[in-house]
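Participant: The file below is target31.txt, compact mmCIF, C-alpha atoms and all ligand atoms:
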# COMPACT_ATOMS: atom_id res chain seq x y z
CA MET A 1 8.47 -2.32 2.40
CA ALA A 2 5.70 -3.42 0.11
CA GLY A 3 6.00 -4.15 -3.60
CA ASN A 4 3.00 -3.57 -5.83
CA TRP A 5 3.41 -5.60 -9.00
CA LYS A 6 0.22 -4.18 -10.57
CA MET A 7 -0.68 -6.15 -13.74
CA PHE A 8 2.75 -7.64 -14.37
CA LYS A 9 4.27 -11.16 -14.26
CA SER A 10 3.12 -14.71 -14.93
CA PRO A 11 3.30 -17.48 -12.30
CA ALA A 12 6.57 -18.73 -13.85
CA GLU A 13 8.04 -15.22 -13.69
CA THR A 14 6.89 -15.01 -10.07
CA THR A 15 8.83 -18.15 -9.15
CA THR A 16 11.94 -16.86 -10.92
CA PHE A 17 11.66 -13.51 -9.11
CA PHE A 18 11.64 -15.13 -5.67
CA GLU A 19 14.54 -17.46 -6.51
CA LYS A 20 16.63 -14.34 -7.05
CA PHE A 21 15.00 -12.08 -4.46
CA LEU A 22 14.92 -14.22 -1.31
CA PRO A 23 18.71 -14.70 -0.98
CA LEU A 24 19.17 -10.94 -1.45
CA VAL A 25 16.95 -10.09 1.55
CA ALA A 26 17.60 -13.15 3.73
CA ALA A 27 19.70 -11.12 6.18
CA SER A 28 17.31 -8.14 6.30
CA HIS A 29 15.35 -8.01 9.53
CA HIS A 30 14.79 -4.27 9.80
CA ALA A 31 11.54 -4.20 7.82
CA GLU A 32 8.53 -6.32 7.03
CA VAL A 33 8.70 -7.19 3.35
CA VAL A 34 5.55 -7.75 1.32
CA ILE A 35 4.84 -8.42 -2.35
CA CYS A 36 1.32 -7.67 -3.60
CA ALA A 37 0.96 -9.79 -6.71
CA PRO A 38 -1.78 -10.30 -9.33
CA PHE A 39 -4.36 -12.89 -8.26
CA ILE A 40 -3.10 -15.57 -10.65
CA ASP A 41 0.43 -15.29 -9.21
CA LEU A 42 -0.55 -15.61 -5.54
CA ALA A 43 -0.22 -19.40 -5.36
CA ALA A 44 3.27 -19.30 -6.88
CA ALA A 45 4.28 -16.38 -4.64
CA ILE A 46 3.03 -18.04 -1.47
CA GLY A 47 4.68 -21.32 -2.41
CA ALA A 48 7.98 -19.62 -3.14
CA THR A 49 8.03 -17.61 0.11
CA GLN A 50 7.01 -20.39 2.50
CA GLY A 51 9.45 -20.46 5.41
CA SER A 52 10.82 -17.00 4.54
CA ALA A 53 10.06 -13.67 6.22
CA VAL A 54 8.46 -12.28 3.04
CA ALA A 55 4.67 -11.92 3.18
CA ILE A 56 2.29 -11.90 0.22
CA GLY A 57 -0.71 -9.70 -0.46
CA GLY A 58 -3.43 -9.09 -3.03
CA GLN A 59 -4.02 -5.77 -4.78
CA ASN A 60 -7.77 -5.50 -4.23
CA LEU A 61 -10.67 -7.40 -2.68
CA HIS A 62 -14.44 -7.30 -2.82
CA TRP A 63 -16.31 -6.47 0.39
CA ALA A 64 -18.70 -9.42 0.18
CA LYS A 65 -17.48 -12.79 1.40
CA GLU A 66 -18.86 -14.48 -1.72
CA GLY A 67 -21.61 -13.94 -4.25
CA ALA A 68 -22.58 -13.14 -7.82
CA PHE A 69 -19.77 -10.63 -8.50
CA THR A 70 -18.18 -11.74 -11.74
CA GLY A 71 -14.47 -11.02 -11.87
CA GLU A 72 -14.08 -10.21 -8.17
CA ILE A 73 -12.04 -11.88 -5.40
CA SER A 74 -13.06 -11.85 -1.72
CA GLY A 75 -11.15 -11.46 1.54
CA PRO A 76 -11.78 -15.08 2.60
CA MET A 77 -10.38 -16.20 -0.78
CA LEU A 78 -7.19 -14.18 -0.30
CA LYS A 79 -6.90 -15.50 3.23
CA ALA A 80 -7.48 -19.10 2.10
CA ILE A 81 -4.65 -18.95 -0.40
CA GLY A 82 -2.28 -17.60 2.27
CA CYS A 83 -2.23 -13.83 1.83
CA GLN A 84 -1.52 -11.64 4.86
CA TYR A 85 -1.96 -8.22 3.24
CA VAL A 86 -4.10 -6.51 0.63
CA ILE A 87 -3.83 -3.11 -1.05
CA VAL A 88 -7.07 -1.12 -0.89
CA GLY A 89 -8.04 2.04 -2.76
CA HIS A 90 -4.95 2.36 -4.95
CA SER A 91 -5.19 5.50 -7.10
CA GLU A 92 -5.33 3.38 -10.25
CA ARG A 93 -8.48 1.75 -8.88
CA ARG A 94 -9.89 5.14 -7.91
CA GLN A 95 -9.07 6.61 -11.35
CA PHE A 96 -9.93 3.73 -13.68
CA PHE A 97 -12.35 1.48 -11.78
CA GLY A 98 -14.68 3.85 -9.96
CA GLU A 99 -13.31 3.30 -6.47
CA THR A 100 -14.69 5.84 -3.99
CA ASP A 101 -13.91 6.63 -0.36
CA GLU A 102 -17.08 4.69 0.50
CA THR A 103 -16.02 1.51 -1.32
CA VAL A 104 -12.50 1.90 0.06
CA LEU A 105 -13.96 1.80 3.57
CA LYS A 106 -16.10 -1.27 2.76
CA ARG A 107 -13.11 -3.13 1.33
CA THR A 108 -10.91 -2.11 4.27
CA VAL A 109 -13.44 -3.44 6.79
CA ALA A 110 -13.83 -6.65 4.77
CA ALA A 111 -10.06 -7.19 4.83
CA LEU A 112 -9.85 -6.62 8.58
CA GLU A 113 -12.79 -8.92 9.26
CA VAL A 114 -10.92 -11.82 7.74
CA GLY A 115 -7.58 -10.97 9.39
CA LEU A 116 -5.83 -9.42 6.38
CA THR A 117 -3.79 -6.26 6.92
CA PRO A 118 -5.12 -3.63 4.50
CA ILE A 119 -2.67 -1.14 3.00
CA VAL A 120 -5.05 1.74 2.34
CA CYS A 121 -3.90 4.26 -0.27
CA VAL A 122 -4.60 7.98 -0.31
CA GLY A 123 -3.05 10.79 -2.33
CA GLU A 124 -3.69 13.91 -4.36
CA MET A 125 -3.70 14.46 -8.14
CA LEU A 126 -1.27 16.93 -9.75
CA ALA A 127 -3.98 19.60 -10.26
CA GLU A 128 -4.93 19.31 -6.60
CA ARG A 129 -1.33 19.80 -5.46
CA GLU A 130 -0.89 22.74 -7.83
CA ALA A 131 -4.05 24.31 -6.43
CA ASN A 132 -2.62 23.90 -2.92
CA ARG A 133 -5.37 21.46 -2.03
CA THR A 134 -3.23 18.48 -0.95
CA ASN A 135 -4.10 18.53 2.75
CA GLU A 136 -7.79 19.11 2.03
CA VAL A 137 -7.87 16.12 -0.37
CA LEU A 138 -6.06 13.92 2.13
CA LYS A 139 -8.50 14.95 4.84
CA THR A 140 -11.52 14.18 2.66
CA GLN A 141 -10.10 10.77 1.74
CA PHE A 142 -9.27 10.10 5.39
CA ASP A 143 -12.65 11.20 6.72
CA GLY A 144 -14.58 9.22 4.10
CA GLY A 145 -12.43 6.10 4.39
CA ILE A 146 -10.03 5.34 7.23
CA GLY A 147 -11.86 7.70 9.64
CA GLY A 148 -14.87 5.37 9.53
CA LEU A 149 -12.97 2.50 11.18
CA THR A 150 -13.24 1.59 14.85
CA PRO A 151 -10.10 2.17 16.97
CA ASP A 152 -9.44 -1.57 16.99
CA GLN A 153 -9.74 -1.77 13.20
CA PHE A 154 -7.50 1.27 12.81
CA SER A 155 -4.78 -0.35 14.91
CA ARG A 156 -4.56 -3.24 12.42
CA MET A 157 -4.12 -1.34 9.16
CA VAL A 158 -1.36 0.40 7.23
CA ILE A 159 -1.73 3.72 5.37
CA ALA A 160 0.05 4.48 2.10
CA TYR A 161 0.44 8.08 0.98
CA GLU A 162 0.85 8.05 -2.78
CA PRO A 163 0.76 11.38 -4.63
CA VAL A 164 -0.81 10.40 -7.95
CA TRP A 165 1.58 12.62 -9.93
CA ALA A 166 4.54 10.65 -8.57
CA ILE A 167 3.24 7.20 -9.49
CA GLY A 168 5.10 5.60 -12.38
CA THR A 169 6.34 9.00 -13.55
CA GLY A 170 9.85 9.01 -12.09
CA LYS A 171 8.84 12.25 -10.30
CA VAL A 172 9.37 11.30 -6.69
CA ALA A 173 8.07 13.68 -4.03
CA THR A 174 10.90 15.32 -2.14
CA PRO A 175 11.40 13.78 1.31
CA GLU A 176 10.14 17.06 2.81
CA MET A 177 6.98 17.08 0.67
CA ALA A 178 6.25 13.48 1.60
CA ALA A 179 6.92 14.14 5.27
CA ASP A 180 4.54 17.15 5.21
CA ALA A 181 1.76 14.99 3.80
CA HIS A 182 2.51 12.24 6.32
CA ARG A 183 2.28 14.79 9.15
CA ALA A 184 -1.08 16.00 7.85
CA LEU A 185 -2.35 12.42 7.68
CA ARG A 186 -1.04 11.62 11.13
CA GLY A 187 -2.80 14.75 12.36
CA SER A 188 -6.11 13.38 11.02
CA CYS A 189 -5.35 10.05 12.69
CA GLU A 190 -4.67 11.81 15.99
CA ALA A 191 -7.87 13.88 15.82
CA ARG A 192 -9.95 10.75 15.21
CA PHE A 193 -8.12 7.98 17.10
CA GLY A 194 -5.92 9.76 19.65
CA ARG A 195 -2.22 10.41 19.98
CA GLU A 196 -1.00 6.93 20.83
CA ALA A 197 -2.80 5.27 17.93
CA SER A 198 -1.64 7.97 15.52
CA GLN A 199 1.98 7.45 16.55
CA ALA A 200 1.67 3.68 16.19
CA VAL A 201 0.11 3.56 12.71
CA ARG A 202 2.54 2.94 9.87
CA ILE A 203 2.38 5.35 6.95
CA LEU A 204 4.19 4.25 3.79
CA TYR A 205 5.23 6.59 1.00
CA GLY A 206 4.61 5.47 -2.59
CA GLY A 207 5.45 7.07 -5.94
CA SER A 208 8.65 6.39 -7.89
CA VAL A 209 10.53 4.93 -4.92
CA LYS A 210 13.84 3.52 -6.22
CA PRO A 211 17.07 2.20 -4.69
CA ASP A 212 18.72 5.58 -5.27
CA ASN A 213 16.06 7.75 -3.57
CA VAL A 214 14.79 5.46 -0.82
CA GLN A 215 17.43 6.49 1.70
CA GLY A 216 16.43 10.17 1.67
CA LEU A 217 12.76 9.28 2.07
CA MET A 218 13.38 6.85 4.90
CA ALA A 219 15.54 9.40 6.70
CA GLN A 220 12.30 11.27 7.43
CA PRO A 221 11.02 10.05 10.80
CA GLU A 222 7.45 10.53 9.51
CA ILE A 223 7.94 7.94 6.74
CA ASP A 224 7.67 4.36 7.98
CA GLY A 225 8.17 2.45 4.75
CA GLY A 226 7.47 2.37 1.04
CA LEU A 227 4.88 1.10 -1.41
CA VAL A 228 6.93 0.39 -4.49
CA GLY A 229 5.61 -0.23 -8.00
CA GLY A 230 8.07 -0.26 -10.89
CA ALA A 231 11.14 -0.87 -8.75
CA SER A 232 9.57 -3.96 -7.16
CA LEU A 233 9.40 -5.87 -10.44
CA GLU A 234 13.07 -6.72 -10.61
CA ALA A 235 14.64 -8.71 -7.75
CA GLY A 236 17.83 -6.63 -7.59
CA SER A 237 16.09 -3.29 -7.52
CA PHE A 238 13.48 -4.27 -4.92
CA ALA A 239 16.23 -5.81 -2.77
CA GLY A 240 18.07 -2.48 -3.17
CA VAL A 241 15.01 -0.70 -1.78
CA VAL A 242 14.51 -3.18 1.06
CA ASN A 243 18.19 -3.07 2.04
CA PHE A 244 18.49 0.72 1.84
P1 LIG B 1 5.67 3.39 -8.75
O1 LIG B 1 4.22 2.90 -8.24
O2 LIG B 1 6.66 2.99 -7.70
O3 LIG B 1 5.88 2.66 -10.05
O4 LIG B 1 5.59 4.86 -8.92
C1 LIG B 1 3.86 3.02 -6.89
C2 LIG B 1 2.45 2.50 -6.70
O5 LIG B 1 1.60 2.73 -7.58
O6 LIG B 1 2.15 1.86 -5.68
Rewrite the structure from the file as structure tokens, please.

Facilitator:
Amino acid sequence: MAGNWKMFKSPAETTTFFEKFLPLVAASHHAEVVICAPFIDLAAAIGATQGSAVAIGGQNLHWAKEGAFTGEISGPMLKAIGCQYVIVGHSERRQFFGETDETVLKRTVAALEVGLTPIVCVGEMLAEREANRTNEVLKTQFDGGIGGLTPDQFSRMVIAYEPVWAIGTGKVATPEMAADAHRALRGSCEARFGREASQAVRILYGGSVKPDNVQGLMAQPEIDGGLVGGASLEAGSFAGVVNF
């Protein structure tokens, strides 16, 4: 269960969040729990979660190790501060910051090279779903991004299926819709990396996951976890998702 805080919270708010959150999930051992925080909050998040089972991640990384890339953060930097995960190719980065399948692949490889677990996001826009193009879009994103990994690299990453129309809108995909998309993605994984690897890869669902709809989603065997935006910002609601 991964929380994506997007561009919310100060370091002080981060500390307060974990003071409330950690006791609420202390007895939960059924899922890996990750918070992907803004860069400026990472130090506070890593400090607050030391000795706990909660892991911390970034929300993006540059593919170069270092260099003249004003405003960017690299994989070795995330690793050095203590991150274990990083989100790559979130639809907000694809929509607003020019992310392409090609740059998603470069960032994914850069994360893996430094030992971070990338959570690579794919998903269709509303118009694409309405035009019945969901599986085609997922296949294109897969082929241009994840499909370019080596089998070893593939075995160390996590996929997040996030229909863009469900993100931050309160319009959650039905469990069946999500499971269909997960099956299509797993089919692409199987065609490229074989059956065993495709069964082993974790595919998270993201898009308006909340404490009151998480159970239905997680009841689908195809859905291995969640990538949670809005509902991860408040300790009680994210604990409600984690402890579904
Ligand atoms: P949401 O965001 O849960 O607020 O819909 C999910 C995401 O963008 O990862």

Participant: Residues near Ser188 in chain A, anyone? I mean within 9 Å using all atoms listed in the file, not counting same-chain ones fewer than 6 positions away, as an mmCIF file with C-alpha atoms, in the frame of the given file.

Facilitator:
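Output file selection.cif is given in full below:
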data_model
loop_
_atom_site.group_PDB
_atom_site.id
_atom_site.type_symbol
_atom_site.label_atom_id
_atom_site.label_comp_id
_atom_site.auth_asym_id
_atom_site.auth_seq_id
_atom_site.Cartn_x
_atom_site.Cartn_y
_atom_site.Cartn_z
ATOM 1 C CA LEU A 138 -6.060 13.920 2.130
ATOM 2 C CA LYS A 139 -8.500 14.950 4.840
ATOM 3 C CA PHE A 142 -9.270 10.100 5.390
ATOM 4 C CA ASP A 143 -12.650 11.200 6.720
ATOM 5 C CA GLY A 147 -11.860 7.700 9.640
ATOM 6 C CA SER A 198 -1.640 7.970 15.520
#

Participant: Which distance in Å separates CA of Asp180 in chain A and CA of Gly144 in chain A, to one decimal?

Facilitator: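 Between these atoms lies a distance of 20.7 Å.
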
Participant: Could you tell me how far CA of Ala160 in chain A lies from CA of Ala12 in chain A, in Å and to one decimal?

Facilitator: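 Taking CA of Ala160 in chain A as the start and CA of Ala12 in chain A as the end point, the length is 28.9 Å.
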
Participant: Report the closest atom pair, with its distance in Å rounded to one decimal, for each residue of range 10-72 of chain A that has an atom no farther than 12 Å from range 89-96 of chain A; count all atoms listed in the file, sort by chain and then rising residue number, and write it as a tab-separated table.

Facilitator:
residue	atom	partner	partner_atom	distance
A:Cys36	CA	A:His90	CA	11.9
A:Gly58	CA	A:His90	CA	11.7
A:Gln59	CA	A:His90	CA	8.2
A:Asn60	CA	A:Gly89	CA	7.7
A:Leu61	CA	A:Gly89	CA	9.8
A:His62	CA	A:Gly89	CA	11.3

Participant: Give the answer as one residue: which of A:Ser28, A:Ser237, A:Thr16, A:Asn135 has the shortest atom-to-atom distance to ligand LIG 1 (chain B), using all atoms listed in the file?

Facilitator: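 Going through A:Ser28, A:Ser237, A:Thr16, A:Asn135 one by one, the smallest distance to ligand LIG 1 (chain B) is for A:Ser237.
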
Participant: Rank A:Arg192, A:Lys106, A:Lys6, A:Arg186 by their smallest atom-to-atom distance to ligand LIG 1 (chain B), using all atoms listed in the file, and report the top residue only.

Facilitator: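 The shortest atom-to-atom distance to ligand LIG 1 (chain B) comes from A:Lys6.
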
Participant: Return the single residue from A:Phe18, A:Trp63, A:Trp165, A:Tyr85 that is closest to ligand LIG 1 (chain B), with distances computed using all atoms listed in the file.

Facilitator: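 Checking each of A:Phe18, A:Trp63, A:Trp165, A:Tyr85 against ligand LIG 1 (chain B), counting all atoms listed in the file, the winner is A:Trp165.
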
Participant: Could I see range 106-117 of chain A restored to all heavy atoms, set down as a PDB file, keeping the file's coordinate frame?

Facilitator:
ATOM      1  N   LYS A 106     -15.476   0.070   2.728  1.00  0.00           N
ATOM      2  CA  LYS A 106     -16.100  -1.270   2.760  1.00  0.00           C
ATOM      3  C   LYS A 106     -15.051  -2.364   2.544  1.00  0.00           C
ATOM      4  O   LYS A 106     -15.061  -3.405   3.198  1.00  0.00           O
ATOM      5  CB  LYS A 106     -17.186  -1.363   1.680  1.00  0.00           C
ATOM      6  CG  LYS A 106     -18.435  -0.565   2.037  1.00  0.00           C
ATOM      7  CD  LYS A 106     -19.329  -0.360   0.848  1.00  0.00           C
ATOM      8  CE  LYS A 106     -20.296  -1.513   0.669  1.00  0.00           C
ATOM      9  NZ  LYS A 106     -21.382  -1.162  -0.282  1.00  0.00           N
ATOM     10  N   ARG A 107     -14.148  -2.126   1.610  1.00  0.00           N
ATOM     11  CA  ARG A 107     -13.110  -3.130   1.330  1.00  0.00           C
ATOM     12  C   ARG A 107     -12.145  -3.248   2.507  1.00  0.00           C
ATOM     13  O   ARG A 107     -11.677  -4.335   2.843  1.00  0.00           O
ATOM     14  CB  ARG A 107     -12.330  -2.759   0.062  1.00  0.00           C
ATOM     15  CG  ARG A 107     -13.153  -2.842  -1.217  1.00  0.00           C
ATOM     16  CD  ARG A 107     -12.283  -2.506  -2.429  1.00  0.00           C
ATOM     17  NE  ARG A 107     -13.044  -1.927  -3.517  1.00  0.00           N
ATOM     18  CZ  ARG A 107     -13.678  -2.620  -4.465  1.00  0.00           C
ATOM     19  NH1 ARG A 107     -13.651  -3.938  -4.462  1.00  0.00           N
ATOM     20  NH2 ARG A 107     -14.354  -2.004  -5.408  1.00  0.00           N
ATOM     21  N   THR A 108     -11.838  -2.101   3.134  1.00  0.00           N
ATOM     22  CA  THR A 108     -10.910  -2.110   4.270  1.00  0.00           C
ATOM     23  C   THR A 108     -11.504  -2.935   5.420  1.00  0.00           C
ATOM     24  O   THR A 108     -10.825  -3.779   6.020  1.00  0.00           O
ATOM     25  CB  THR A 108     -10.638  -0.666   4.748  1.00  0.00           C
ATOM     26  OG1 THR A 108     -10.148   0.084   3.639  1.00  0.00           O
ATOM     27  CG2 THR A 108      -9.627  -0.630   5.866  1.00  0.00           C
ATOM     28  N   VAL A 109     -12.775  -2.700   5.706  1.00  0.00           N
ATOM     29  CA  VAL A 109     -13.440  -3.440   6.790  1.00  0.00           C
ATOM     30  C   VAL A 109     -13.485  -4.930   6.449  1.00  0.00           C
ATOM     31  O   VAL A 109     -13.221  -5.789   7.302  1.00  0.00           O
ATOM     32  CB  VAL A 109     -14.860  -2.870   7.034  1.00  0.00           C
ATOM     33  CG1 VAL A 109     -15.657  -3.775   7.960  1.00  0.00           C
ATOM     34  CG2 VAL A 109     -14.765  -1.457   7.607  1.00  0.00           C
ATOM     35  N   ALA A 110     -13.768  -5.242   5.184  1.00  0.00           N
ATOM     36  CA  ALA A 110     -13.830  -6.650   4.770  1.00  0.00           C
ATOM     37  C   ALA A 110     -12.478  -7.328   4.955  1.00  0.00           C
ATOM     38  O   ALA A 110     -12.398  -8.487   5.393  1.00  0.00           O
ATOM     39  CB  ALA A 110     -14.280  -6.745   3.310  1.00  0.00           C
ATOM     40  N   ALA A 111     -11.407  -6.620   4.649  1.00  0.00           N
ATOM     41  CA  ALA A 111     -10.060  -7.190   4.830  1.00  0.00           C
ATOM     42  C   ALA A 111      -9.800  -7.465   6.301  1.00  0.00           C
ATOM     43  O   ALA A 111      -9.344  -8.552   6.684  1.00  0.00           O
ATOM     44  CB  ALA A 111      -9.013  -6.228   4.272  1.00  0.00           C
ATOM     45  N   LEU A 112     -10.119  -6.480   7.147  1.00  0.00           N
ATOM     46  CA  LEU A 112      -9.850  -6.620   8.580  1.00  0.00           C
ATOM     47  C   LEU A 112     -10.677  -7.737   9.188  1.00  0.00           C
ATOM     48  O   LEU A 112     -10.199  -8.471  10.057  1.00  0.00           O
ATOM     49  CB  LEU A 112     -10.161  -5.288   9.283  1.00  0.00           C
ATOM     50  CG  LEU A 112      -9.155  -4.172   8.968  1.00  0.00           C
ATOM     51  CD1 LEU A 112      -9.731  -2.813   9.324  1.00  0.00           C
ATOM     52  CD2 LEU A 112      -7.842  -4.428   9.702  1.00  0.00           C
ATOM     53  N   GLU A 113     -11.908  -7.888   8.711  1.00  0.00           N
ATOM     54  CA  GLU A 113     -12.790  -8.920   9.260  1.00  0.00           C
ATOM     55  C   GLU A 113     -12.211 -10.314   9.077  1.00  0.00           C
ATOM     56  O   GLU A 113     -12.450 -11.211   9.867  1.00  0.00           O
ATOM     57  CB  GLU A 113     -14.170  -8.842   8.603  1.00  0.00           C
ATOM     58  CG  GLU A 113     -15.092  -7.929   9.385  1.00  0.00           C
ATOM     59  CD  GLU A 113     -16.424  -7.704   8.697  1.00  0.00           C
ATOM     60  OE1 GLU A 113     -16.664  -8.305   7.626  1.00  0.00           O
ATOM     61  OE2 GLU A 113     -17.203  -6.902   9.252  1.00  0.00           O
ATOM     62  N   VAL A 114     -11.447 -10.489   8.022  1.00  0.00           N
ATOM     63  CA  VAL A 114     -10.920 -11.820   7.740  1.00  0.00           C
ATOM     64  C   VAL A 114      -9.453 -11.945   8.193  1.00  0.00           C
ATOM     65  O   VAL A 114      -8.813 -12.969   7.998  1.00  0.00           O
ATOM     66  CB  VAL A 114     -11.159 -12.170   6.254  1.00  0.00           C
ATOM     67  CG1 VAL A 114     -10.252 -11.399   5.350  1.00  0.00           C
ATOM     68  CG2 VAL A 114     -11.103 -13.646   5.993  1.00  0.00           C
ATOM     69  N   GLY A 115      -8.937 -10.894   8.837  1.00  0.00           N
ATOM     70  CA  GLY A 115      -7.580 -10.970   9.390  1.00  0.00           C
ATOM     71  C   GLY A 115      -6.481 -10.598   8.413  1.00  0.00           C
ATOM     72  O   GLY A 115      -5.309 -10.888   8.651  1.00  0.00           O
ATOM     73  N   LEU A 116      -6.846  -9.955   7.294  1.00  0.00           N
ATOM     74  CA  LEU A 116      -5.830  -9.420   6.380  1.00  0.00           C
ATOM     75  C   LEU A 116      -5.441  -8.020   6.839  1.00  0.00           C
ATOM     76  O   LEU A 116      -6.293  -7.298   7.356  1.00  0.00           O
ATOM     77  CB  LEU A 116      -6.380  -9.330   4.952  1.00  0.00           C
ATOM     78  CG  LEU A 116      -6.696 -10.645   4.244  1.00  0.00           C
ATOM     79  CD1 LEU A 116      -7.596 -10.375   3.033  1.00  0.00           C
ATOM     80  CD2 LEU A 116      -5.421 -11.352   3.800  1.00  0.00           C
ATOM     81  N   THR A 117      -4.201  -7.630   6.624  1.00  0.00           N
ATOM     82  CA  THR A 117      -3.790  -6.260   6.920  1.00  0.00           C
ATOM     83  C   THR A 117      -3.982  -5.410   5.666  1.00  0.00           C
ATOM     84  O   THR A 117      -3.285  -5.610   4.674  1.00  0.00           O
ATOM     85  CB  THR A 117      -2.300  -6.211   7.339  1.00  0.00           C
ATOM     86  OG1 THR A 117      -2.144  -7.023   8.493  1.00  0.00           O
ATOM     87  CG2 THR A 117      -1.856  -4.781   7.637  1.00  0.00           C
TER      88      THR A 117
END
